[in-house]
>>> print(open('query.cif').read())   # mmCIF, C-alpha atoms
data_work
loop_
_atom_site.label_atom_id
_atom_site.label_comp_id
_atom_site.auth_asym_id
_atom_site.auth_seq_id
_atom_site.Cartn_x
_atom_site.Cartn_y
_atom_site.Cartn_z
CA MET A 1 -50.39 -37.93 -1.37
CA ASN A 2 -49.99 -35.61 1.55
CA LEU A 3 -52.41 -36.28 4.41
CA VAL A 4 -53.43 -32.63 4.47
CA ILE A 5 -54.46 -32.75 0.83
CA TRP A 6 -56.66 -35.73 1.68
CA PHE A 7 -58.16 -33.63 4.45
CA ASP A 8 -58.96 -30.89 1.93
CA VAL A 9 -60.54 -33.42 -0.40
CA LEU A 10 -62.62 -34.72 2.48
CA LEU A 11 -63.78 -31.19 3.30
CA MET A 12 -64.82 -30.65 -0.30
CA ALA A 13 -66.59 -33.99 -0.50
CA LEU A 14 -68.48 -33.33 2.72
CA GLY A 15 -69.46 -29.87 1.52
CA LEU A 16 -70.51 -31.19 -1.88
CA LEU A 17 -72.55 -33.93 -0.29
CA ALA A 18 -74.26 -31.53 2.07
CA MET A 19 -74.95 -29.04 -0.72
CA SER A 20 -76.70 -31.66 -2.76
CA PRO A 21 -80.40 -30.83 -3.24
CA ARG A 22 -81.30 -34.33 -2.21
CA LEU A 23 -80.09 -33.51 1.25
CA TRP A 24 -81.52 -30.03 1.30
CA ASN A 25 -84.97 -31.22 0.44
CA VAL A 26 -86.53 -34.59 1.08
CA HIS A 27 -87.98 -34.48 -2.42
CA PRO A 28 -85.99 -32.43 -4.90
CA ARG A 29 -88.97 -31.68 -7.16
CA ARG A 30 -91.18 -30.45 -4.35
CA ARG A 31 -88.92 -28.07 -2.44
CA SER A 32 -91.72 -25.73 -1.48
CA VAL A 33 -93.72 -28.53 0.08
CA CYS A 34 -91.05 -30.54 1.81
CA ARG A 35 -89.16 -29.26 4.75
CA PRO A 36 -85.43 -28.94 4.04
CA ALA A 37 -83.39 -31.68 5.62
CA LEU A 38 -80.78 -29.12 6.63
CA GLY A 39 -81.45 -25.75 8.16
CA ARG A 40 -80.31 -22.51 6.54
CA SER A 41 -77.35 -22.14 8.87
CA MET A 42 -76.24 -25.69 8.15
CA ARG A 43 -76.54 -25.10 4.43
CA THR A 44 -74.45 -21.98 4.74
CA ALA A 45 -71.91 -23.86 6.81
CA THR A 46 -71.64 -26.73 4.37
CA THR A 47 -71.38 -24.34 1.44
CA LEU A 48 -68.56 -22.55 3.20
CA LEU A 49 -67.02 -25.91 4.00
CA PHE A 50 -67.03 -26.82 0.35
CA TYR A 51 -65.51 -23.56 -0.81
CA PHE A 52 -62.98 -23.62 2.02
CA GLY A 53 -61.91 -27.12 1.04
CA LEU A 54 -61.77 -26.19 -2.63
CA ALA A 55 -59.78 -23.05 -1.97
CA SER A 56 -57.32 -24.76 0.32
CA PHE A 57 -56.92 -27.61 -2.13
CA MET A 58 -56.29 -25.24 -5.00
CA THR A 59 -53.84 -22.99 -3.24
CA GLY A 60 -52.25 -25.44 -0.85
CA GLY A 61 -52.97 -22.92 1.89
CA ILE A 62 -53.77 -25.38 4.63
CA ASP A 63 -50.93 -27.55 3.51
CA ALA A 64 -48.58 -24.61 3.78
CA GLY A 65 -49.97 -23.61 7.14
CA LEU A 66 -49.71 -27.02 8.75
CA VAL A 67 -46.58 -28.36 7.18
CA GLY A 68 -44.74 -25.05 7.27
CA TRP A 69 -43.69 -22.74 4.50
CA ASP A 70 -40.16 -23.96 4.59
CA GLN A 71 -41.10 -27.54 3.86
CA VAL A 72 -43.61 -26.57 1.22
CA ARG A 73 -41.10 -24.47 -0.64
CA ARG A 74 -38.33 -27.03 -0.31
CA PRO A 75 -38.36 -29.47 -3.20
CA ARG A 76 -39.19 -32.89 -1.86
CA ILE A 77 -36.76 -35.62 -2.74
CA ALA A 78 -38.43 -38.85 -3.70
CA ASP A 79 -37.53 -41.60 -1.29
CA ASN A 80 -36.63 -44.43 -3.60
CA ILE A 81 -35.02 -46.58 -0.96
CA ARG A 82 -36.97 -49.74 -0.34
CA LYS A 83 -36.29 -52.89 1.59
CA ASN A 84 -34.96 -55.78 -0.53
CA MET A 85 -33.78 -53.51 -3.31
CA MET A 86 -30.11 -53.38 -4.28
CA ALA A 87 -28.35 -50.71 -2.25
CA PRO A 88 -27.35 -47.79 -4.50
CA ASP A 89 -23.61 -47.72 -4.88
CA PHE A 90 -21.37 -44.79 -4.00
CA CYS A 91 -17.70 -44.11 -3.67
CA LEU A 92 -16.52 -41.71 -0.99
CA PRO A 93 -13.19 -40.77 0.58
CA SER A 94 -12.47 -42.27 3.95
CA LEU A 95 -11.75 -39.98 6.84
CA ASP A 96 -8.96 -42.15 8.19
CA GLY A 97 -6.85 -42.43 5.12
CA ASP A 98 -6.52 -41.32 1.58
CA ARG A 99 -8.37 -44.26 0.10
CA ASN A 100 -11.78 -44.16 -1.48
CA VAL A 101 -14.33 -46.66 -0.25
CA ARG A 102 -16.96 -48.09 -2.57
CA LEU A 103 -20.00 -49.70 -1.04
CA SER A 104 -20.12 -52.44 -3.64
CA ASP A 105 -16.61 -53.53 -2.62
CA PHE A 106 -18.14 -55.22 0.42
CA ARG A 107 -20.56 -57.24 -1.67
CA GLY A 108 -19.92 -60.93 -1.17
CA HIS A 109 -17.49 -60.28 1.69
CA LYS A 110 -19.40 -58.70 4.57
CA PRO A 111 -22.81 -57.25 5.24
CA VAL A 112 -22.68 -53.51 5.86
CA VAL A 113 -24.35 -51.48 8.54
CA LEU A 114 -24.67 -48.11 6.86
CA ILE A 115 -25.19 -45.13 9.11
CA PHE A 116 -25.82 -41.70 7.67
CA GLY A 117 -25.51 -38.81 10.04
CA ASN A 118 -23.55 -35.91 11.38
CA PHE A 119 -22.77 -34.32 14.70
CA TYR A 120 -25.49 -31.72 14.26
CA MET B 1 -22.92 -53.02 18.83
CA ILE B 2 -19.84 -52.17 16.81
CA GLU B 3 -17.57 -54.05 19.18
CA LYS B 4 -19.84 -57.06 19.23
CA TYR B 5 -20.37 -57.47 15.49
CA SER B 6 -17.37 -55.85 13.85
CA ASP B 7 -15.82 -59.27 13.20
CA CYS B 8 -18.53 -60.33 10.80
CA VAL B 9 -20.12 -57.05 9.70
CA GLU B 10 -18.68 -53.81 8.33
CA PHE B 11 -19.87 -50.60 9.93
CA LEU B 12 -19.79 -47.57 7.66
CA PHE B 13 -20.53 -44.11 8.94
CA VAL B 14 -21.22 -41.61 6.18
CA TYR B 15 -20.82 -38.08 7.49
CA THR B 16 -23.48 -36.11 5.64
CA GLY B 17 -24.00 -32.39 5.19
CA GLU B 18 -24.31 -30.34 8.33
CA ALA B 19 -27.25 -28.14 9.16
CA GLY B 20 -24.95 -25.16 9.49
CA MET B 21 -24.61 -22.68 12.31
CA SER B 22 -26.72 -19.77 11.17
CA PRO B 23 -27.38 -16.73 13.36
CA LEU B 24 -30.78 -18.33 14.04
CA GLY B 25 -29.18 -21.55 15.23
CA PRO B 26 -26.61 -20.44 17.78
CA LEU B 27 -23.96 -22.70 19.14
CA HIS B 28 -25.49 -22.93 22.59
CA GLN B 29 -28.47 -24.83 21.16
CA LEU B 30 -26.21 -27.78 20.44
CA PRO B 31 -25.70 -30.45 23.09
CA ALA B 32 -22.61 -29.53 25.09
CA ALA B 33 -20.78 -32.68 23.98
CA LEU B 34 -21.01 -31.66 20.33
CA ARG B 35 -20.04 -28.01 20.65
CA PRO B 36 -16.29 -28.52 20.30
CA PHE B 37 -16.82 -30.11 16.88
CA ALA B 38 -19.24 -27.59 15.46
CA GLU B 39 -18.22 -25.07 12.88
CA PRO B 40 -17.92 -21.46 14.04
CA PRO B 41 -21.21 -19.59 14.48
CA GLY B 42 -22.37 -17.67 11.44
CA THR B 43 -20.59 -19.97 9.01
CA PRO B 44 -22.56 -20.24 5.77
CA ARG B 45 -24.33 -23.51 5.24
CA GLY B 46 -22.32 -26.08 3.35
CA SER B 47 -19.01 -24.29 3.73
CA ARG B 48 -17.37 -27.43 5.22
CA ILE B 49 -14.82 -25.43 7.20
CA HIS B 50 -12.29 -27.79 8.80
CA LEU B 51 -14.79 -30.56 8.22
CA ALA B 52 -12.37 -33.48 8.13
CA SER B 53 -10.43 -32.37 11.19
CA ARG B 54 -13.60 -31.68 13.16
CA VAL B 55 -15.11 -35.05 12.27
CA ARG B 56 -11.85 -36.79 13.09
CA ALA B 57 -11.69 -35.05 16.46
CA GLY B 58 -15.30 -35.97 17.18
CA LYS B 59 -14.73 -39.56 16.17
CA GLU B 60 -11.77 -39.84 18.52
CA HIS B 61 -13.61 -38.05 21.30
CA PHE B 62 -16.58 -40.40 21.13
CA GLY B 63 -14.40 -43.46 20.56
CA LEU B 64 -16.13 -44.44 17.33
CA CYS B 65 -14.18 -47.36 15.94
CA LEU B 66 -15.86 -47.62 12.57
CA LEU B 67 -14.98 -46.68 9.04
CA CYS B 68 -15.99 -43.07 8.50
CA LEU B 69 -16.62 -41.62 5.06
CA LEU B 70 -17.16 -38.00 4.16
CA ASP B 71 -19.97 -37.24 1.81
CA ASN B 72 -18.91 -34.87 -0.95
CA GLU B 73 -19.91 -31.24 -1.34
CA GLN B 74 -22.88 -32.12 -3.51
CA GLY B 75 -24.11 -34.57 -0.88
CA VAL B 76 -24.31 -37.39 -3.41
CA ALA B 77 -24.70 -40.20 -0.88
CA GLN B 78 -27.18 -38.23 1.19
CA LYS B 79 -29.33 -37.56 -1.86
CA LEU B 80 -28.96 -41.12 -3.10
CA TYR B 81 -30.33 -42.47 0.17
CA ASN B 82 -32.50 -39.49 1.09
CA ALA B 83 -30.68 -39.63 4.40
CA CYS B 84 -31.70 -36.35 5.97
CA PRO B 85 -31.45 -35.95 8.92
CA LYS B 86 -30.15 -39.44 9.64
CA ARG B 87 -30.68 -42.97 8.39
CA LEU B 88 -29.61 -46.48 9.26
CA LEU B 89 -29.55 -49.31 6.76
CA ILE B 90 -28.25 -52.84 6.74
CA VAL B 91 -27.01 -54.16 3.42
CA ASP B 92 -26.62 -57.92 3.20
CA LEU B 93 -23.92 -59.94 1.48
CA ALA B 94 -25.72 -59.77 -1.85
CA GLY B 95 -25.91 -55.99 -1.66
CA ARG B 96 -29.62 -55.84 -0.85
CA ILE B 97 -31.14 -53.57 1.75
CA VAL B 98 -32.53 -55.78 4.48
CA LEU B 99 -33.25 -53.14 7.09
CA ASP B 100 -34.10 -49.50 6.64
CA SER B 101 -34.81 -47.06 9.43
CA GLY B 102 -36.20 -44.42 7.10
CA HIS B 103 -34.93 -40.88 7.51
CA ARG B 104 -35.22 -40.02 11.17
CA PRO B 105 -33.17 -38.93 14.16
CA ALA B 106 -30.67 -41.41 15.53
CA PHE B 107 -32.57 -41.96 18.76
CA ALA B 108 -35.46 -43.32 16.71
CA PHE B 109 -33.39 -45.90 14.85
CA PRO B 110 -34.74 -49.44 15.10
CA TRP B 111 -31.80 -50.68 17.14
CA LYS B 112 -33.66 -53.77 18.33
CA GLU B 113 -34.43 -54.91 14.77
CA ALA B 114 -30.86 -54.19 13.73
CA THR B 115 -29.47 -56.20 16.62
CA ASP B 116 -31.84 -59.06 15.89
CA TRP B 117 -30.73 -59.17 12.26
CA LEU B 118 -27.05 -59.04 13.24
CA ASP B 119 -27.57 -61.80 15.81
CA HIS B 120 -29.31 -63.94 13.25
CA TYR B 121 -26.61 -63.33 10.67
CA SER B 122 -23.70 -63.96 13.03
CA GLU B 123 -25.26 -67.21 14.18
CA SER B 124 -25.95 -68.29 10.62
CA ILE B 125 -22.30 -68.00 9.65
CA ASP B 126 -21.07 -69.48 12.93
CA PRO B 127 -23.46 -71.16 15.37
CA LEU B 128 -20.86 -70.80 18.14
CA TYR B 129 -20.39 -67.09 17.49
CA GLU B 130 -22.01 -66.00 20.75
CA GLU B 131 -20.01 -68.49 22.80
CA LYS B 132 -16.78 -67.44 21.18
CA ARG B 133 -17.55 -63.81 21.84
CA GLY B 134 -18.29 -64.67 25.45
CA SER B 135 -15.04 -66.52 25.94
#
>>> encode(input="query.cif", output="C-alpha cells")
Amino acid sequence: MNLVIWFDVLLMALGLLAMSPRLWNVHPRRRSVCRPALGRSMRTATTLLFYFGLASFMTGGIDAGLVGWDQVRRPRIADNIRKNMMAPDFCLPSLDGDRNVRLSDFRGHKPVVLIFGNFY
Amino acid sequence: MIEKYSDCVEFLFVYTGEAGMSPLGPLHQLPAALRPFAEPPGTPRGSRIHLASRVRAGKEHFGLCLLCLLDNEQGVAQKLYNACPKRLLIVDLAGRIVLDSGHRPAFAFPWKEATDWLDHYSESIDPLYEEKRGS
C-alpha cells in the first residue's frame, strides 16, 4: 500500500483515539465531575485530524497532492519481476541485423545482462 | 564491463520507448551528448521517427559493442519487465533472474553487485579467467 495512504490511516487512528471519551474524561460516566484529559482546543484539533484523515483517505487528496496528479491518474503497472524467478521471455528484432533475438535462446549457453533503457 | 565479460556473458540492450520531445520538454533540456540522437522537437510521443537509424547512430557514437534490440511499438518488453525508466537485470544460465536493479535511472544501477556476480560467474567457469584476461 502507498505510504501516503498509511499516513492517512495513521491520522485517522490518532484522531479516533483522541476523540475517544476515555481520553476526554478520566471517567467516562462522570464527565461533569472529572476534568477532561484534553482541553477543548485539543479536542477540536483531534476531531479535525480525524476528519482530515478520513477525507484524505476517501478522496485520495493527499495522495494526489504528494505523489502528483500525473502519477495518480496513470495506471500503475504491477511489478511482477522478482529475483530468482524465471525471466519472462520476449522476442525482439535486433538493431544490427534482420534477425529476431529471443531471450530464451541464451538459456543454457550464456548468462545475460539485460539492460533496458533509451537515450532519453 | 562489456569488454571484460563479453566472452562469457551476453549483453543485451533493449531500447525501450522514448519519453518524447513535447513542447514542454525542449531539446535543450537533454544532455548535449544525446541531442544529435533525439527525435525532432514537437514529435508526438511514441511516433518512433527514424528510431532505428537514430539508435544505430547513438550506438556507434558511444561505442556500445553489445547486442541492441528494439522494443516494439506496444512496448511489450518494457511492460513485461516494468522497465520504465531504466532497468538492469542479470539472467543466469538457467534463465532465472539473479540480479534486479528495479526500475530506476542508469546512474543508480547496482554496478558493484553486477560486477561481483559477473566476477564470481567467470571464475566459476574458469578459475584462471582473470589471469587470462590480464595476459
>>> resolve_selection(input="query.cif", expression="the PyMOL selection byres ((chain A) within 8 of (chain B))", output="ChimeraX atom specification")
/A:77-88,90,92-96,101,104,106-120
>>> atom_distance(input="query.cif", atom1="CA of Ala55 in chain A", atom2="CA of Leu10 in chain A")
12.8 Å
>>> axis_aligned_box(input="query.cif", around="range 14-17 of chain A", padding_each_side="3 Å", output="JSON")
{"center_x": -70.5, "center_y": -31.9, "center_z": 0.4, "size_x": 10.1, "size_y": 10.1, "size_z": 10.6}
>>> resolve_selection(input="query.cif", expression="the PyMOL selection byres ((chain A and resi 13) around 12)", output="MDAnalysis selection string")
chainID A and resid 6:12 14:20 46:47 49:54 57
>>> write_last_selection(input="query.cif", atoms="C-alpha atoms", output="compact mmCIF listing (two decimals), in the coordinates of the input")
# COMPACT_ATOMS: atom_id res chain seq x y z
CA TRP A 6 -56.66 -35.73 1.68
CA PHE A 7 -58.16 -33.63 4.45
CA ASP A 8 -58.96 -30.89 1.93
CA VAL A 9 -60.54 -33.42 -0.40
CA LEU A 10 -62.62 -34.72 2.48
CA LEU A 11 -63.78 -31.19 3.30
CA MET A 12 -64.82 -30.65 -0.30
CA LEU A 14 -68.48 -33.33 2.72
CA GLY A 15 -69.46 -29.87 1.52
CA LEU A 16 -70.51 -31.19 -1.88
CA LEU A 17 -72.55 -33.93 -0.29
CA ALA A 18 -74.26 -31.53 2.07
CA MET A 19 -74.95 -29.04 -0.72
CA SER A 20 -76.70 -31.66 -2.76
CA THR A 46 -71.64 -26.73 4.37
CA THR A 47 -71.38 -24.34 1.44
CA LEU A 49 -67.02 -25.91 4.00
CA PHE A 50 -67.03 -26.82 0.35
CA TYR A 51 -65.51 -23.56 -0.81
CA PHE A 52 -62.98 -23.62 2.02
CA GLY A 53 -61.91 -27.12 1.04
CA LEU A 54 -61.77 -26.19 -2.63
CA PHE A 57 -56.92 -27.61 -2.13
